[in-house]
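Student: Input: one structure, supplied below.
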Amino acid sequence: MHATMKAAVAALLLAATVVLSEARTTKLGVLRDVGECPTVTTKQDFDMLSYLGSWFEIERFDALFEEGMDCVQIVYSDLGDGVFQTHNLARTVEGELTEILGTVIVLEPGVLLVESDSGVPFLHYILDTDYESFAALYNCKQFGEQRYQYAWITSRATTLDEATHDHVRKVFQDNGIDVSLFQFTYQGPDCPHTP
């Protein structure tokens with residue numbers, strides 16, 4: 001990574017830390033609790049090009065920015081020069097389609113820096129993926145004794161078979177993450193998914 005890009009990434013992460021620090025007394029997500037963020041192991045041979053395409057959210061930890069949303073789909077595409085696009089689609093509790101565009105840079109194996117329309121950068125740790133059926137994503141922000149945890153199980157299809165689902169949950173457990181906090185995301189035939 002070029003020195004200029006590293007400096008820009010460092011500045012973005014610093015800005016995000018300031019924003020989140022100032023917001024620590026607000027409801028950033030339901031999963032704010034006392035505890036240490038676990039030290040996680042990301043997929044060391046992660047290949048972003050194999051990761052491109054459509055993913056469907058199967059389960060997630062509660063988060064304010066996804067409150068009441070279902071039919072969540074994420075589409076990754078290549079913008080060139082090591083920059084990728086993320087296009088998130090979801091149905092709100094009012095039944096409206098909501099979309100968020102963002103850019104993605106791979107900082108290191110299995111670590112993605114995502115910056116959306118909101119302008120606040122966010123790290124996604126890819127704990128594991130087989131690129132064809134599942135992906136396990138996690139993030140945890142530590143503020144003193146408190147932490148904010150975010151986690152997603154995604155799939156190439158709107159469902160995940162039991163054996164694969166069990167494997168993905170074990171990936172989280174092996175990283176010290178409480179899988180009882182997951183909630184299913186509705187993915188039904190009435191979802192407004194893109195083709």
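Ordering of the structure tokens sets the chain letters (A, B, ...); residue numbers start at 1 within each chain; ligands are numbered from 1 in the order shown.
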Compile a residue-level contact table for segment 161-194 of chain A against segment 52-71 of chain A at a cut-off of 9 Å, reporting for every qualifying residue the shortest atom pair and its distance in Å to one decimal, with only C-alpha atoms counted, rows ordered by chain and ascending number, as a Markdown table.
Tutor:
```
| residue | atom | partner | partner_atom | distance |
| --- | --- | --- | --- | --- |
| A:Val179 | CA | A:Phe61 | CA | 9.0 |
| A:Leu181 | CA | A:Phe61 | CA | 5.9 |
| A:Phe182 | CA | A:Phe61 | CA | 5.0 |
| A:Gln183 | CA | A:Glu59 | CA | 5.3 |
| A:Phe184 | CA | A:Glu59 | CA | 4.3 |
| A:Thr185 | CA | A:Glu59 | CA | 5.2 |
| A:Tyr186 | CA | A:Asp70 | CA | 5.3 |
| A:Gln187 | CA | A:Cys71 | CA | 4.9 |
| A:Gly188 | CA | A:Cys71 | CA | 7.2 |
| A:Asp190 | CA | A:Cys71 | CA | 8.7 |
| A:Cys191 | CA | A:Cys71 | CA | 5.4 |
| A:Pro192 | CA | A:Cys71 | CA | 7.2 |
| A:His193 | CA | A:Cys71 | CA | 7.2 |
| A:Thr194 | CA | A:Ser54 | CA | 8.9 |
```
Student: Restricting it to all heavy atoms, dump the selection as an mmCIF file, in the first residue's frame.
Tutor:
```cif
data_model
loop_
_atom_site.group_PDB
_atom_site.id
_atom_site.type_symbol
_atom_site.label_atom_id
_atom_site.label_comp_id
_atom_site.auth_asym_id
_atom_site.auth_seq_id
_atom_site.Cartn_x
_atom_site.Cartn_y
_atom_site.Cartn_z
ATOM 1 N N VAL A 179 -22.295 -16.632 20.115
ATOM 2 C CA VAL A 179 -23.220 -16.821 18.996
ATOM 3 C C VAL A 179 -24.687 -16.740 19.413
ATOM 4 O O VAL A 179 -25.559 -16.641 18.552
ATOM 5 C CB VAL A 179 -22.952 -18.154 18.254
ATOM 6 C CG1 VAL A 179 -21.571 -18.146 17.619
ATOM 7 C CG2 VAL A 179 -23.145 -19.346 19.166
ATOM 8 N N LEU A 181 -26.041 -14.302 20.521
ATOM 9 C CA LEU A 181 -26.461 -12.929 20.225
ATOM 10 C C LEU A 181 -26.964 -12.764 18.791
ATOM 11 O O LEU A 181 -27.515 -11.722 18.442
ATOM 12 C CB LEU A 181 -25.293 -11.966 20.473
ATOM 13 C CG LEU A 181 -24.752 -11.952 21.899
ATOM 14 C CD1 LEU A 181 -23.493 -11.099 21.990
ATOM 15 C CD2 LEU A 181 -25.807 -11.452 22.878
ATOM 16 N N PHE A 182 -26.794 -13.791 17.957
ATOM 17 C CA PHE A 182 -27.260 -13.703 16.574
ATOM 18 C C PHE A 182 -28.776 -13.733 16.493
ATOM 19 O O PHE A 182 -29.442 -14.438 17.253
ATOM 20 C CB PHE A 182 -26.701 -14.851 15.735
ATOM 21 C CG PHE A 182 -25.340 -14.591 15.178
ATOM 22 C CD1 PHE A 182 -24.250 -15.324 15.616
ATOM 23 C CD2 PHE A 182 -25.143 -13.612 14.219
ATOM 24 C CE1 PHE A 182 -22.982 -15.093 15.100
ATOM 25 C CE2 PHE A 182 -23.879 -13.371 13.700
ATOM 26 C CZ PHE A 182 -22.797 -14.113 14.139
ATOM 27 N N GLN A 183 -29.317 -12.978 15.544
ATOM 28 C CA GLN A 183 -30.745 -12.999 15.231
ATOM 29 C C GLN A 183 -30.895 -13.226 13.731
ATOM 30 O O GLN A 183 -30.143 -12.649 12.932
ATOM 31 C CB GLN A 183 -31.407 -11.692 15.637
ATOM 32 C CG GLN A 183 -31.415 -11.473 17.127
ATOM 33 C CD GLN A 183 -32.261 -10.285 17.530
ATOM 34 O OE1 GLN A 183 -32.908 -9.653 16.698
ATOM 35 N NE2 GLN A 183 -32.272 -9.978 18.810
ATOM 36 N N PHE A 184 -31.866 -14.065 13.343
ATOM 37 C CA PHE A 184 -32.084 -14.360 11.931
ATOM 38 C C PHE A 184 -32.598 -13.131 11.193
ATOM 39 O O PHE A 184 -33.389 -12.350 11.732
ATOM 40 C CB PHE A 184 -33.081 -15.517 11.765
ATOM 41 C CG PHE A 184 -32.457 -16.864 11.980
ATOM 42 C CD1 PHE A 184 -32.582 -17.504 13.201
ATOM 43 C CD2 PHE A 184 -31.735 -17.476 10.971
ATOM 44 C CE1 PHE A 184 -32.001 -18.750 13.416
ATOM 45 C CE2 PHE A 184 -31.146 -18.720 11.182
ATOM 46 C CZ PHE A 184 -31.281 -19.353 12.402
ATOM 47 N N THR A 185 -32.166 -12.985 9.955
ATOM 48 C CA THR A 185 -32.648 -11.932 9.061
ATOM 49 C C THR A 185 -33.609 -12.573 8.071
ATOM 50 O O THR A 185 -33.249 -13.536 7.395
ATOM 51 C CB THR A 185 -31.476 -11.287 8.295
ATOM 52 O OG1 THR A 185 -30.549 -10.757 9.238
ATOM 53 C CG2 THR A 185 -31.973 -10.172 7.385
ATOM 54 N N TYR A 186 -34.810 -12.035 7.985
ATOM 55 C CA TYR A 186 -35.812 -12.574 7.060
ATOM 56 C C TYR A 186 -35.335 -12.402 5.621
ATOM 57 O O TYR A 186 -34.899 -11.326 5.217
ATOM 58 C CB TYR A 186 -37.150 -11.857 7.262
ATOM 59 C CG TYR A 186 -38.212 -12.276 6.277
ATOM 60 C CD1 TYR A 186 -38.906 -13.472 6.447
ATOM 61 C CD2 TYR A 186 -38.504 -11.485 5.167
ATOM 62 C CE1 TYR A 186 -39.886 -13.860 5.528
ATOM 63 C CE2 TYR A 186 -39.467 -11.863 4.255
ATOM 64 C CZ TYR A 186 -40.155 -13.051 4.437
ATOM 65 O OH TYR A 186 -41.118 -13.436 3.531
ATOM 66 N N GLN A 187 -35.425 -13.497 4.850
ATOM 67 C CA GLN A 187 -35.094 -13.492 3.423
ATOM 68 C C GLN A 187 -36.171 -14.312 2.714
ATOM 69 O O GLN A 187 -35.993 -15.489 2.456
ATOM 70 C CB GLN A 187 -33.715 -14.112 3.171
ATOM 71 C CG GLN A 187 -32.547 -13.381 3.768
ATOM 72 C CD GLN A 187 -32.143 -12.139 2.976
ATOM 73 O OE1 GLN A 187 -32.777 -11.776 1.978
ATOM 74 N NE2 GLN A 187 -31.097 -11.471 3.421
ATOM 75 N N GLY A 188 -37.323 -13.704 2.448
ATOM 76 C CA GLY A 188 -38.435 -14.429 1.879
ATOM 77 C C GLY A 188 -38.665 -14.115 0.415
ATOM 78 O O GLY A 188 -37.989 -13.265 -0.176
ATOM 79 N N ASP A 190 -40.885 -12.459 -0.974
ATOM 80 C CA ASP A 190 -41.365 -11.095 -1.218
ATOM 81 C C ASP A 190 -40.260 -10.048 -1.098
ATOM 82 O O ASP A 190 -40.508 -8.848 -1.199
ATOM 83 C CB ASP A 190 -42.512 -10.757 -0.265
ATOM 84 C CG ASP A 190 -42.104 -10.877 1.200
ATOM 85 O OD1 ASP A 190 -41.287 -11.767 1.524
ATOM 86 O OD2 ASP A 190 -42.612 -10.094 2.021
ATOM 87 N N CYS A 191 -39.019 -10.484 -0.864
ATOM 88 C CA CYS A 191 -37.906 -9.537 -0.732
ATOM 89 C C CYS A 191 -37.574 -8.914 -2.081
ATOM 90 O O CYS A 191 -37.553 -9.609 -3.104
ATOM 91 C CB CYS A 191 -36.668 -10.243 -0.174
ATOM 92 S SG CYS A 191 -36.769 -10.620 1.586
ATOM 93 N N PRO A 192 -37.270 -7.624 -2.093
ATOM 94 C CA PRO A 192 -36.949 -6.923 -3.348
ATOM 95 C C PRO A 192 -35.482 -7.072 -3.728
ATOM 96 O O PRO A 192 -34.769 -6.081 -3.905
ATOM 97 C CB PRO A 192 -37.306 -5.467 -3.031
ATOM 98 C CG PRO A 192 -37.012 -5.347 -1.571
ATOM 99 C CD PRO A 192 -37.363 -6.688 -0.970
ATOM 100 N N HIS A 193 -35.003 -8.304 -3.861
ATOM 101 C CA HIS A 193 -33.602 -8.531 -4.177
ATOM 102 C C HIS A 193 -33.290 -8.150 -5.623
ATOM 103 O O HIS A 193 -34.130 -8.256 -6.497
ATOM 104 C CB HIS A 193 -33.223 -10.006 -3.987
ATOM 105 C CG HIS A 193 -33.315 -10.453 -2.552
ATOM 106 N ND1 HIS A 193 -33.934 -11.627 -2.203
ATOM 107 C CD2 HIS A 193 -32.908 -9.885 -1.413
ATOM 108 C CE1 HIS A 193 -33.883 -11.766 -0.891
ATOM 109 N NE2 HIS A 193 -33.264 -10.715 -0.388
ATOM 110 N N THR A 194 -32.040 -7.732 -5.818
ATOM 111 C CA THR A 194 -31.607 -7.450 -7.186
ATOM 112 C C THR A 194 -31.266 -8.785 -7.860
ATOM 113 O O THR A 194 -30.880 -9.740 -7.187
ATOM 114 C CB THR A 194 -30.373 -6.540 -7.193
ATOM 115 O OG1 THR A 194 -29.312 -7.181 -6.481
ATOM 116 C CG2 THR A 194 -30.688 -5.208 -6.552
#
```
Student: DSSP says strand (DSSP E) for which residues of chain A? Put them as a PyMOL selection string?
Tutor: chain A and resi 32-34+53-60+70-80+83-91+97-108+111-116+121-129+134-143+146-155+183-184
Student: Give me the residues within 9 Å of Phe46 of chain A as a PyMOL selection string, counting only C-alpha atoms and dropping any in the same chain fewer than 5 places off.
Tutor: chain A and resi 51+108-111+126+128-129
Student: Please produce a file of those selected residues containing C-alpha atoms, as an mmCIF file, in the first residue's frame.
Tutor:
```cif
data_model
loop_
_atom_site.group_PDB
_atom_site.id
_atom_site.type_symbol
_atom_site.label_atom_id
_atom_site.label_comp_id
_atom_site.auth_asym_id
_atom_site.auth_seq_id
_atom_site.Cartn_x
_atom_site.Cartn_y
_atom_site.Cartn_z
ATOM 1 C CA TYR A 51 -15.388 -12.386 -2.671
ATOM 2 C CA GLU A 108 -4.470 -6.533 5.161
ATOM 3 C CA PRO A 109 -5.573 -10.147 4.698
ATOM 4 C CA GLY A 110 -9.202 -10.416 5.807
ATOM 5 C CA VAL A 111 -9.442 -6.787 6.981
ATOM 6 C CA ILE A 126 -13.517 -11.519 7.514
ATOM 7 C CA ASP A 128 -13.725 -17.025 7.275
ATOM 8 C CA THR A 129 -15.353 -17.587 3.886
#
```
Student: Which is closer to Thr158 of chain A than all the others in A:Asp81, A:Ser133, A:Gly35, A:Ser116, using only C-alpha atoms?
Tutor: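 Selected residue with least distance to Thr158 of chain A: A:Ser133.
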Student: Taking only C-alpha atoms into account, name the residue in A:Glu132, A:Val83, A:Val93, A:Val168 that is nearest to Leu113 of chain A.
Tutor: A:Val83
Student: Excluding Tyr131 of chain A and its own-chain neighbours fewer than 3 positions away, which residues fall within 9 Å of it when counting only C-alpha atoms? Please give them as a PDB file with all heavy atoms, in the first residue's frame.
Tutor:
```
ATOM      1  N   ASP A  47      -9.070 -13.488  -0.550  1.00  0.00           N
ATOM      2  CA  ASP A  47      -8.956 -12.995  -1.920  1.00  0.00           C
ATOM      3  C   ASP A  47     -10.196 -12.175  -2.250  1.00  0.00           C
ATOM      4  O   ASP A  47     -11.284 -12.717  -2.410  1.00  0.00           O
ATOM      5  CB  ASP A  47      -8.812 -14.174  -2.883  1.00  0.00           C
ATOM      6  CG  ASP A  47      -8.779 -13.744  -4.333  1.00  0.00           C
ATOM      7  OD1 ASP A  47      -8.341 -12.603  -4.617  1.00  0.00           O
ATOM      8  OD2 ASP A  47      -9.196 -14.533  -5.203  1.00  0.00           O
ATOM      9  N   SER A  50     -12.340 -13.044  -5.397  1.00  0.00           N
ATOM     10  CA  SER A  50     -13.235 -14.204  -5.244  1.00  0.00           C
ATOM     11  C   SER A  50     -14.447 -13.860  -4.383  1.00  0.00           C
ATOM     12  O   SER A  50     -15.469 -14.544  -4.446  1.00  0.00           O
ATOM     13  CB  SER A  50     -12.476 -15.376  -4.611  1.00  0.00           C
ATOM     14  OG  SER A  50     -11.413 -15.786  -5.430  1.00  0.00           O
ATOM     15  N   TYR A  51     -14.321 -12.801  -3.594  1.00  0.00           N
ATOM     16  CA  TYR A  51     -15.388 -12.386  -2.671  1.00  0.00           C
ATOM     17  C   TYR A  51     -16.445 -11.511  -3.354  1.00  0.00           C
ATOM     18  O   TYR A  51     -17.527 -11.315  -2.835  1.00  0.00           O
ATOM     19  CB  TYR A  51     -14.735 -11.629  -1.517  1.00  0.00           C
ATOM     20  CG  TYR A  51     -15.605 -11.368  -0.321  1.00  0.00           C
ATOM     21  CD1 TYR A  51     -16.020 -12.405   0.501  1.00  0.00           C
ATOM     22  CD2 TYR A  51     -15.991 -10.073   0.013  1.00  0.00           C
ATOM     23  CE1 TYR A  51     -16.795 -12.173   1.614  1.00  0.00           C
ATOM     24  CE2 TYR A  51     -16.776  -9.818   1.131  1.00  0.00           C
ATOM     25  CZ  TYR A  51     -17.172 -10.876   1.926  1.00  0.00           C
ATOM     26  OH  TYR A  51     -17.951 -10.633   3.034  1.00  0.00           O
ATOM     27  N   LEU A  52     -16.124 -10.985  -4.534  1.00  0.00           N
ATOM     28  CA  LEU A  52     -17.044 -10.090  -5.235  1.00  0.00           C
ATOM     29  C   LEU A  52     -18.354 -10.790  -5.579  1.00  0.00           C
ATOM     30  O   LEU A  52     -18.420 -12.013  -5.667  1.00  0.00           O
ATOM     31  CB  LEU A  52     -16.392  -9.570  -6.522  1.00  0.00           C
ATOM     32  CG  LEU A  52     -15.111  -8.754  -6.363  1.00  0.00           C
ATOM     33  CD1 LEU A  52     -14.586  -8.330  -7.724  1.00  0.00           C
ATOM     34  CD2 LEU A  52     -15.327  -7.548  -5.461  1.00  0.00           C
ATOM     35  N   PHE A 134     -20.630 -19.197   2.202  1.00  0.00           N
ATOM     36  CA  PHE A 134     -20.748 -18.457   3.462  1.00  0.00           C
ATOM     37  C   PHE A 134     -19.612 -17.454   3.657  1.00  0.00           C
ATOM     38  O   PHE A 134     -18.538 -17.586   3.064  1.00  0.00           O
ATOM     39  CB  PHE A 134     -20.746 -19.418   4.663  1.00  0.00           C
ATOM     40  CG  PHE A 134     -19.361 -19.935   4.991  1.00  0.00           C
ATOM     41  CD1 PHE A 134     -18.541 -19.247   5.877  1.00  0.00           C
ATOM     42  CD2 PHE A 134     -18.872 -21.087   4.400  1.00  0.00           C
ATOM     43  CE1 PHE A 134     -17.260 -19.712   6.163  1.00  0.00           C
ATOM     44  CE2 PHE A 134     -17.591 -21.556   4.682  1.00  0.00           C
ATOM     45  CZ  PHE A 134     -16.788 -20.862   5.569  1.00  0.00           C
ATOM     46  N   ALA A 135     -19.888 -16.467   4.505  1.00  0.00           N
ATOM     47  CA  ALA A 135     -18.856 -15.547   4.987  1.00  0.00           C
ATOM     48  C   ALA A 135     -19.212 -15.154   6.416  1.00  0.00           C
ATOM     49  O   ALA A 135     -20.384 -14.996   6.764  1.00  0.00           O
ATOM     50  CB  ALA A 135     -18.761 -14.307   4.106  1.00  0.00           C
ATOM     51  N   SER A 155     -24.489 -15.299   3.104  1.00  0.00           N
ATOM     52  CA  SER A 155     -24.480 -16.461   2.222  1.00  0.00           C
ATOM     53  C   SER A 155     -24.694 -16.011   0.779  1.00  0.00           C
ATOM     54  O   SER A 155     -25.273 -14.950   0.531  1.00  0.00           O
ATOM     55  CB  SER A 155     -25.594 -17.425   2.632  1.00  0.00           C
ATOM     56  OG  SER A 155     -25.700 -18.507   1.717  1.00  0.00           O
ATOM     57  N   ARG A 156     -24.248 -16.817  -0.145  1.00  0.00           N
ATOM     58  CA  ARG A 156     -24.490 -16.537  -1.560  1.00  0.00           C
ATOM     59  C   ARG A 156     -25.956 -16.752  -1.923  1.00  0.00           C
ATOM     60  O   ARG A 156     -26.440 -16.232  -2.926  1.00  0.00           O
ATOM     61  CB  ARG A 156     -23.623 -17.439  -2.440  1.00  0.00           C
ATOM     62  CG  ARG A 156     -22.149 -17.123  -2.403  1.00  0.00           C
ATOM     63  CD  ARG A 156     -21.821 -15.771  -3.002  1.00  0.00           C
ATOM     64  NE  ARG A 156     -20.381 -15.609  -3.197  1.00  0.00           N
ATOM     65  CZ  ARG A 156     -19.818 -14.518  -3.662  1.00  0.00           C
ATOM     66  NH1 ARG A 156     -20.566 -13.475  -3.977  1.00  0.00           N
ATOM     67  NH2 ARG A 156     -18.517 -14.445  -3.815  1.00  0.00           N
TER      68      ARG A 156
END
```
